[in-house]
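Here is protein18.cif, consisting of mmCIF, C-alpha atoms:
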```cif
data_model
loop_
_atom_site.label_atom_id
_atom_site.label_comp_id
_atom_site.auth_asym_id
_atom_site.auth_seq_id
_atom_site.Cartn_x
_atom_site.Cartn_y
_atom_site.Cartn_z
CA MET A 1 -145.22 122.84 202.71
CA HIS A 2 -147.55 122.25 205.63
CA GLN A 3 -146.91 125.79 206.95
CA ARG A 4 -147.70 127.35 203.58
CA TYR A 5 -150.94 125.36 203.48
CA LEU A 6 -151.99 126.68 206.91
CA LEU A 7 -151.16 130.23 205.89
CA ALA A 8 -153.26 129.86 202.75
CA ILE A 9 -156.22 128.49 204.71
CA THR A 10 -155.91 131.34 207.24
CA GLY A 11 -155.81 133.91 204.47
CA LEU A 12 -158.88 132.47 202.79
CA ALA A 13 -160.75 132.48 206.09
CA ALA A 14 -159.89 136.13 206.71
CA LEU A 15 -160.97 137.01 203.17
CA SER A 16 -164.24 135.17 203.68
CA VAL A 17 -164.98 137.14 206.87
CA SER A 18 -164.14 140.52 205.32
CA ALA A 19 -166.21 139.76 202.23
CA GLN A 20 -169.46 139.09 204.13
CA THR A 21 -172.05 141.55 202.88
CA PHE A 22 -175.71 141.94 203.84
CA GLN A 23 -178.02 144.06 201.69
CA ARG A 24 -181.19 145.82 202.82
CA ARG A 25 -183.80 148.09 201.24
CA ALA A 26 -185.02 151.10 203.19
CA ASP A 27 -188.49 151.39 204.68
CA ILE A 28 -189.73 154.64 203.11
CA THR A 29 -192.03 156.45 205.54
CA GLY A 30 -192.71 159.64 203.56
CA GLY A 31 -193.01 161.71 206.75
CA GLY A 32 -190.80 164.23 208.52
CA ASP A 33 -189.47 167.60 207.39
CA ARG A 34 -190.47 168.27 203.76
CA ASN A 35 -187.24 170.30 203.26
CA ARG A 36 -184.85 167.67 204.58
CA GLY A 37 -184.18 164.06 203.68
CA LYS A 38 -183.20 161.72 206.48
CA CYS A 39 -182.26 158.08 206.91
CA THR A 40 -181.81 156.31 210.24
CA ILE A 41 -179.70 153.16 210.28
CA GLU A 42 -179.28 150.75 213.18
CA VAL A 43 -176.95 147.75 213.06
CA VAL A 44 -175.28 145.31 215.46
CA VAL A 45 -171.47 145.09 215.28
CA ASP A 46 -168.92 142.91 217.05
CA GLY A 47 -165.56 143.97 215.61
CA ALA A 48 -165.64 146.31 212.60
CA ALA A 49 -168.10 146.88 209.78
CA GLU A 50 -169.01 149.37 207.07
CA VAL A 51 -172.41 150.60 205.90
CA GLU A 52 -172.61 151.67 202.27
CA ILE A 53 -175.69 153.75 201.35
CA ARG A 54 -176.91 154.45 197.81
CA GLY A 55 -180.46 155.60 197.12
CA ASP A 56 -182.85 153.37 199.06
CA THR A 57 -180.39 150.47 199.30
CA ALA A 58 -177.63 149.85 201.84
CA LEU A 59 -174.92 147.21 202.17
CA LEU A 60 -173.65 146.11 205.57
CA ARG A 61 -170.13 144.76 205.09
CA ASN A 62 -168.12 142.84 207.69
CA ARG A 63 -164.54 144.05 208.13
CA GLU A 64 -163.49 142.24 211.26
CA GLY A 65 -164.99 139.94 213.90
CA GLN A 66 -168.45 138.42 213.94
CA PRO A 67 -170.93 139.01 211.11
CA PRO A 68 -172.83 142.29 211.63
CA GLN A 69 -176.62 142.35 211.65
CA TRP A 70 -179.30 144.74 210.44
CA ARG A 71 -181.85 146.16 212.85
CA ARG A 72 -183.31 149.17 211.06
CA PHE A 73 -183.03 151.20 207.83
CA VAL A 74 -185.71 153.90 207.62
CA CYS A 75 -185.82 156.96 205.30
CA ASN A 76 -188.43 159.61 204.63
CA VAL A 77 -187.29 159.67 200.96
CA PRO A 78 -184.58 157.80 199.02
CA MET A 79 -181.21 159.56 199.08
CA PRO A 80 -180.29 161.25 195.74
CA LEU A 81 -177.01 160.79 193.87
CA ASN A 82 -175.54 164.17 194.83
CA PRO A 83 -177.39 165.21 197.99
CA ALA A 84 -177.03 168.88 198.89
CA GLY A 85 -176.06 169.60 202.49
CA PHE A 86 -175.24 165.98 203.27
CA ARG A 87 -174.47 165.37 206.94
CA PHE A 88 -173.73 162.37 209.14
CA ALA A 89 -174.51 162.15 212.88
CA GLY A 90 -173.68 159.26 215.18
CA VAL A 91 -176.53 158.63 217.62
CA ASP A 92 -175.74 155.61 219.77
CA GLY A 93 -173.00 153.00 220.29
CA ARG A 94 -170.00 152.53 222.58
CA GLY A 95 -167.37 152.53 219.83
CA ARG A 96 -166.52 154.85 216.96
CA GLN A 97 -168.67 155.70 213.95
CA THR A 98 -166.97 157.64 211.15
CA LEU A 99 -168.17 158.91 207.80
CA ILE A 100 -165.28 157.89 205.55
CA ARG A 101 -166.89 158.90 202.26
CA ALA A 102 -169.72 161.31 201.47
CA PRO A 103 -171.96 160.53 198.46
CA GLU A 104 -170.62 162.26 195.36
CA GLY A 105 -171.46 161.47 191.75
CA ALA A 106 -172.21 157.77 191.56
CA ALA A 107 -170.23 157.00 194.72
CA PRO A 108 -172.20 155.90 197.80
CA ALA A 109 -171.92 157.22 201.34
CA ILE A 110 -169.80 154.92 203.54
CA VAL A 111 -169.83 154.84 207.35
CA HIS A 112 -167.15 152.84 209.18
CA ILE A 113 -167.99 151.37 212.61
CA GLU A 114 -165.44 150.02 215.08
CA ASP A 115 -166.56 148.19 218.22
CA PRO A 116 -163.48 147.82 220.47
CA GLN A 117 -164.96 145.73 223.29
CA SER A 118 -165.84 142.06 223.39
CA GLY A 119 -169.41 141.14 222.60
CA SER A 120 -171.80 142.75 220.14
CA GLU A 121 -173.17 146.30 220.40
CA GLY A 122 -175.98 148.17 218.68
CA TYR A 123 -175.03 151.27 216.66
CA THR A 124 -177.40 153.92 215.36
CA PHE A 125 -176.64 156.84 213.08
CA ASP A 126 -178.51 159.35 210.93
CA VAL A 127 -177.72 160.88 207.56
CA PHE A 128 -179.38 164.11 206.42
CA TRP A 129 -179.55 166.12 203.22
CA GLN A 130 -181.52 168.98 201.73
CA ILE A 131 -184.53 168.29 199.56
CA GLY A 132 -184.72 170.62 196.59
CA GLY A 133 -180.95 171.01 196.28
CA TYR A 134 -178.86 169.68 193.43
CA GLY A 135 -178.79 165.96 192.69
CA THR A 136 -180.58 163.18 190.82
CA PRO A 137 -183.19 161.49 193.03
CA PHE A 138 -183.82 157.75 193.48
CA PRO A 139 -186.43 157.53 191.91
CA PRO A 140 -187.48 160.86 190.32
CA SER A 141 -190.99 160.55 191.75
CA ALA A 142 -189.80 160.14 195.32
CA VAL A 143 -190.25 163.80 196.24
CA ALA A 144 -193.65 165.34 195.54
CA PRO A 145 -193.47 168.61 193.54
CA LEU A 146 -194.62 171.91 194.99
CA PRO A 147 -197.97 173.30 193.82
CA ALA A 148 -198.00 175.04 190.46
CA ASP A 149 -198.58 178.46 192.07
CA SER A 150 -195.17 180.15 191.70
CA ARG A 151 -195.82 182.25 194.81
CA PHE A 152 -196.35 179.23 197.04
CA GLU A 153 -192.68 178.56 197.77
CA ASP A 154 -192.01 182.16 198.88
CA ARG A 155 -195.05 182.13 201.12
CA TYR A 156 -194.07 178.75 202.58
CA TYR A 157 -190.48 179.71 203.38
CA ASP A 158 -191.47 183.10 204.83
CA ARG A 159 -193.92 181.41 207.16
CA ASP A 160 -191.43 178.69 208.02
CA ASP A 161 -188.73 181.27 208.77
CA GLU A 162 -190.92 183.19 211.19
CA ARG A 163 -191.96 179.97 212.90
CA PHE A 164 -188.32 178.98 213.30
CA HIS A 165 -187.37 182.26 215.00
CA ARG A 166 -190.40 182.14 217.26
CA ASP A 167 -189.61 178.56 218.35
CA ARG A 168 -185.97 179.46 218.90
CA ASP A 169 -186.87 182.40 221.14
CA ASP A 170 -189.23 180.17 223.14
CA PHE A 171 -186.48 177.57 223.54
CA TYR A 172 -184.08 180.03 225.17
CA ARG A 173 -186.80 181.37 227.45
CA GLY A 174 -187.15 177.88 228.92
CA PRO A 175 -185.27 176.77 232.05
CA ASP A 176 -183.47 173.74 230.60
CA TRP A 177 -181.93 175.05 227.37
CA ARG A 178 -178.33 174.45 228.52
CA GLY A 179 -178.97 170.70 228.58
CA GLN A 180 -180.03 170.79 224.92
CA LEU A 181 -177.65 173.45 223.61
CA PHE A 182 -175.83 171.26 221.09
CA ALA A 183 -179.06 170.03 219.52
CA ARG A 184 -180.29 173.63 219.30
CA ILE A 185 -177.11 174.74 217.52
CA ARG A 186 -177.44 171.86 215.07
CA GLY A 187 -180.98 172.98 214.32
CA ASP A 188 -179.76 176.52 213.72
CA LEU A 189 -177.11 175.24 211.30
CA ASP A 190 -179.77 173.25 209.45
CA HIS A 191 -181.88 176.37 209.11
CA VAL A 192 -179.03 178.57 207.90
CA SER A 193 -177.75 175.99 205.43
CA ARG A 194 -181.12 175.91 203.66
CA ASP A 195 -180.27 179.05 201.70
CA SER A 196 -176.48 179.39 202.05
CA PHE A 197 -173.22 177.55 201.47
CA ARG A 198 -173.67 175.79 198.15
CA GLY A 199 -171.16 173.36 196.63
CA ASP A 200 -167.55 173.75 197.77
CA ASP A 201 -168.49 176.75 199.91
CA ARG A 202 -170.12 174.34 202.37
CA TYR A 203 -166.78 172.97 203.63
CA ARG A 204 -166.65 175.09 206.78
CA LEU A 205 -170.27 174.33 207.61
CA GLU A 206 -169.82 170.57 207.16
CA ARG A 207 -166.71 170.65 209.33
CA THR A 208 -168.68 172.43 212.06
CA TYR A 209 -171.30 169.65 211.92
CA ARG A 210 -168.60 166.99 212.35
CA GLU A 211 -166.91 168.78 215.25
CA LEU A 212 -170.26 169.37 216.95
CA ASP A 213 -171.29 165.70 216.60
CA GLU A 214 -168.03 164.56 218.22
CA LEU A 215 -168.37 167.08 221.04
CA GLN A 216 -171.98 166.13 221.77
CA ARG A 217 -171.23 162.40 221.82
CA ASP A 218 -168.31 162.75 224.23
CA TYR A 219 -169.89 165.47 226.38
CA TYR A 220 -173.00 163.46 227.22
CA SER A 221 -171.02 160.27 227.81
CA GLY A 222 -168.89 162.04 230.42
CA ARG A 223 -165.73 162.23 228.30
CA TRP A 224 -165.31 166.02 228.50
CA ASP A 225 -162.54 167.38 226.30
CA ARG A 226 -162.05 171.15 226.21
CA ARG A 227 -160.16 170.85 222.93
CA GLU A 228 -163.27 169.49 221.20
CA LEU A 229 -165.25 172.51 222.39
CA ASP A 230 -162.45 174.79 221.17
CA ASP A 231 -162.62 173.09 217.76
CA VAL A 232 -166.38 173.70 217.50
CA ILE A 233 -165.97 177.35 218.51
CA GLN A 234 -163.19 177.84 215.99
CA THR A 235 -165.04 176.28 213.06
CA LEU A 236 -168.33 178.00 213.91
CA ASP A 237 -166.49 181.32 214.14
CA ARG A 238 -165.30 180.85 210.56
CA VAL A 239 -168.85 180.12 209.42
CA VAL A 240 -170.10 183.31 211.10
CA ASP A 241 -167.44 185.32 209.26
CA ASP A 242 -168.70 184.13 205.86
CA ASN A 243 -170.04 187.14 203.99
CA ARG A 244 -172.71 185.08 202.18
CA LEU A 245 -174.80 184.92 205.34
CA VAL A 246 -177.78 187.21 205.60
CA LEU A 247 -177.77 189.42 208.68
CA ARG A 248 -180.47 187.53 210.59
CA ASP A 249 -178.75 184.17 210.07
CA ARG A 250 -175.40 185.64 211.10
CA GLU A 251 -176.97 186.93 214.31
CA ILE A 252 -178.35 183.47 215.10
CA LEU A 253 -174.97 181.78 214.72
CA ARG A 254 -173.17 184.58 216.57
CA ASP A 255 -175.55 184.03 219.49
CA ASP A 256 -174.78 180.28 219.37
CA LEU A 257 -171.08 181.10 219.35
CA ASN A 258 -171.39 183.30 222.42
CA ARG A 259 -173.30 180.58 224.28
CA LEU A 260 -170.55 178.06 223.50
CA ARG A 261 -167.93 180.49 224.77
CA ASP A 262 -169.98 180.94 227.93
CA LEU A 263 -170.08 177.14 228.33
CA ARG A 264 -166.29 177.02 227.97
CA GLY A 265 -165.91 179.66 230.66
CA ARG A 266 -168.22 177.77 233.02
CA ARG A 267 -166.32 174.51 232.55
#
```
Whole structure given in structure tokens:
Amino acid sequence: MHQRYLLAITGLAALSVSAQTFQRRADITGGGDRNRGKCTIEVVVDGAAEVEIRGDTALLRNREGQPPQWRRFVCNVPMPLNPAGFRFAGVDGRGRQTLIRAPEGAAPAIVHIEDPQSGSEGYTFDVFWQIGGYGTPFPPSAVAPLPADSRFEDRYYDRDDERFHRDRDDFYRGPDWRGQLFARIRGDLDHVSRDSFRGDDRYRLERTYRELDELQRDYYSGRWDRRELDDVIQTLDRVVDDNRLVLRDREILRDDLNRLRDLRGRR
């Protein structure tokens, strides 16, 4: 009888820990890239926790260990229900951050964080999505409409496209581009995905983002793994082969692919 009582108390205590939830509203800055939504989240974890994001609200849920804490939740616009081109990128933290569910329909995005060492650790991650893609915004007025002139959007994107290619050429003329290669490739993927890979067709592109994020995190922390580089090359190669790409975008990604292969040969 006494043993069953202790087991019941232990179970209730574990349930209480796992049920701890801390809600926070985003600080909406309204700045940044007008074509891309972005939220940056920073939390403190000692054990395991999950961050659930819906619109401009997020829940920080304890899964194991000490109660997690909020540090920062900043977005340029609230995240819509069905964000086009949704992407997750871990930024900082000694443990593992994993996107376990992307936002679809009414379901929120969920990021799982595991901190394997004793003591608390700060974790930072970003989520991105396209503005102007499909989806119902939170709220509808969050994104300012384009001017009524129907020619404005074409002029804007043409100018933006030329600026992108000019900046990219300048980047590779610089002496230190190898140290920022992964960030450059991510920027190229963002640019290409603006006009391509809608709906289910985006699977290969999203997989390339995930593989690239893992490679970058491990590469710069000194945990070099050739297999991770091989995975990025393989997934990017499949994206390049997609016949929906316009020629100029295909050439950009093919150049990125060749630079990754060169990196593999050097290592």
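For the pair atom CA of Ala48 of chain A and atom CA of Arg61 of chain A, the interatomic distance is 8.9 Å.
Restricting the calculation to all atoms listed in the file, the smallest distance between Asp126 of chain A and any of A:Ile41, A:Ala107, A:Ile252, A:Leu247 is found for A:Ile41.
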Determine the axis-aligned bounding box of all atoms of segment 50-54 of chain A present in the file, pad each side by 8 Å, and express its centre and edge lengths in Å to one decimal place as lines of an AutoDock Vina configuration file.
```
center_x = -173.0
center_y = 151.9
center_z = 202.4
size_x = 23.9
size_y = 21.1
size_z = 25.3
```
Could you make a table, as a tab-separated table, of the residues of segment 231-264 of chain A that have an atom within 10 Å of an atom of segment 169-189 of chain A, each with its nearest atom pair and distance in Å to one decimal, counting all atoms listed in the file, in chain and number order?
```
residue	atom	partner	partner_atom	distance
A:Leu236	CA	A:Leu189	CA	9.6
A:Val239	CA	A:Leu189	CA	9.8
A:Asp249	CA	A:Asp188	CA	8.5
A:Ile252	CA	A:Asp188	CA	7.2
A:Leu253	CA	A:Asp188	CA	7.2
A:Asp255	CA	A:Ile185	CA	9.6
A:Asp256	CA	A:Ile185	CA	6.3
A:Leu257	CA	A:Ile185	CA	9.0
A:Arg259	CA	A:Leu181	CA	8.4
A:Leu260	CA	A:Leu181	CA	8.5
A:Leu263	CA	A:Arg178	CA	8.7
```
Residues matched by the PyMOL selection byres ((chain A and resi 92) around 8), written as a ChimeraX atom specification
/A:90-91,93-94,122-125
Step by step, work through what the PyMOL selection byres ((chain A and resi 108) around 6) selects in the shown file, and finish by giving those residues as number ranges by chain.
A: 53-54, 103, 107, 109
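With distances restricted to all atoms listed in the file, A:Ile113 is the closest residue to Asn62 of chain A from A:Val74, A:Ile131, A:Ile113, A:Leu81.
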Ala89 of chain A surroundings by all atoms listed in the file, 9 Å radius, close-in-sequence under 5 positions cut, as an NGL selection string:
:A and (97-99 or 125-128 or 209-210 or 213-214)
Hey, what comes out of the PyMOL selection byres ((chain A and resi 215) around 8) on this file? Could you write it as a short mmCIF file (atom, residue, chain, number, x, y, z; two decimals) with C-alpha atoms, in the coordinates of the input?
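Writing done, so here's out.cif:
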```cif
data_model
loop_
_atom_site.label_atom_id
_atom_site.label_comp_id
_atom_site.auth_asym_id
_atom_site.auth_seq_id
_atom_site.Cartn_x
_atom_site.Cartn_y
_atom_site.Cartn_z
CA GLU A 211 -166.91 168.78 215.25
CA LEU A 212 -170.26 169.37 216.95
CA ASP A 213 -171.29 165.70 216.60
CA GLU A 214 -168.03 164.56 218.22
CA GLN A 216 -171.98 166.13 221.77
CA ARG A 217 -171.23 162.40 221.82
CA ASP A 218 -168.31 162.75 224.23
CA TYR A 219 -169.89 165.47 226.38
CA ASP A 225 -162.54 167.38 226.30
CA GLU A 228 -163.27 169.49 221.20
CA LEU A 229 -165.25 172.51 222.39
CA VAL A 232 -166.38 173.70 217.50
#
```
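Between Ser193 of chain A and the residues A:Arg101, A:Asn35, A:Val44, A:Gly55, the shortest atom-to-atom distance, using all atoms listed in the file, involves A:Asn35.
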re atom CA of Gly95 of chain A and atom CA of Gln117 of chain A: distance 8.0 Å
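The space separating atom CA of Ala58 of chain A from atom CA of Arg25 of chain A comes to 6.4 Å.
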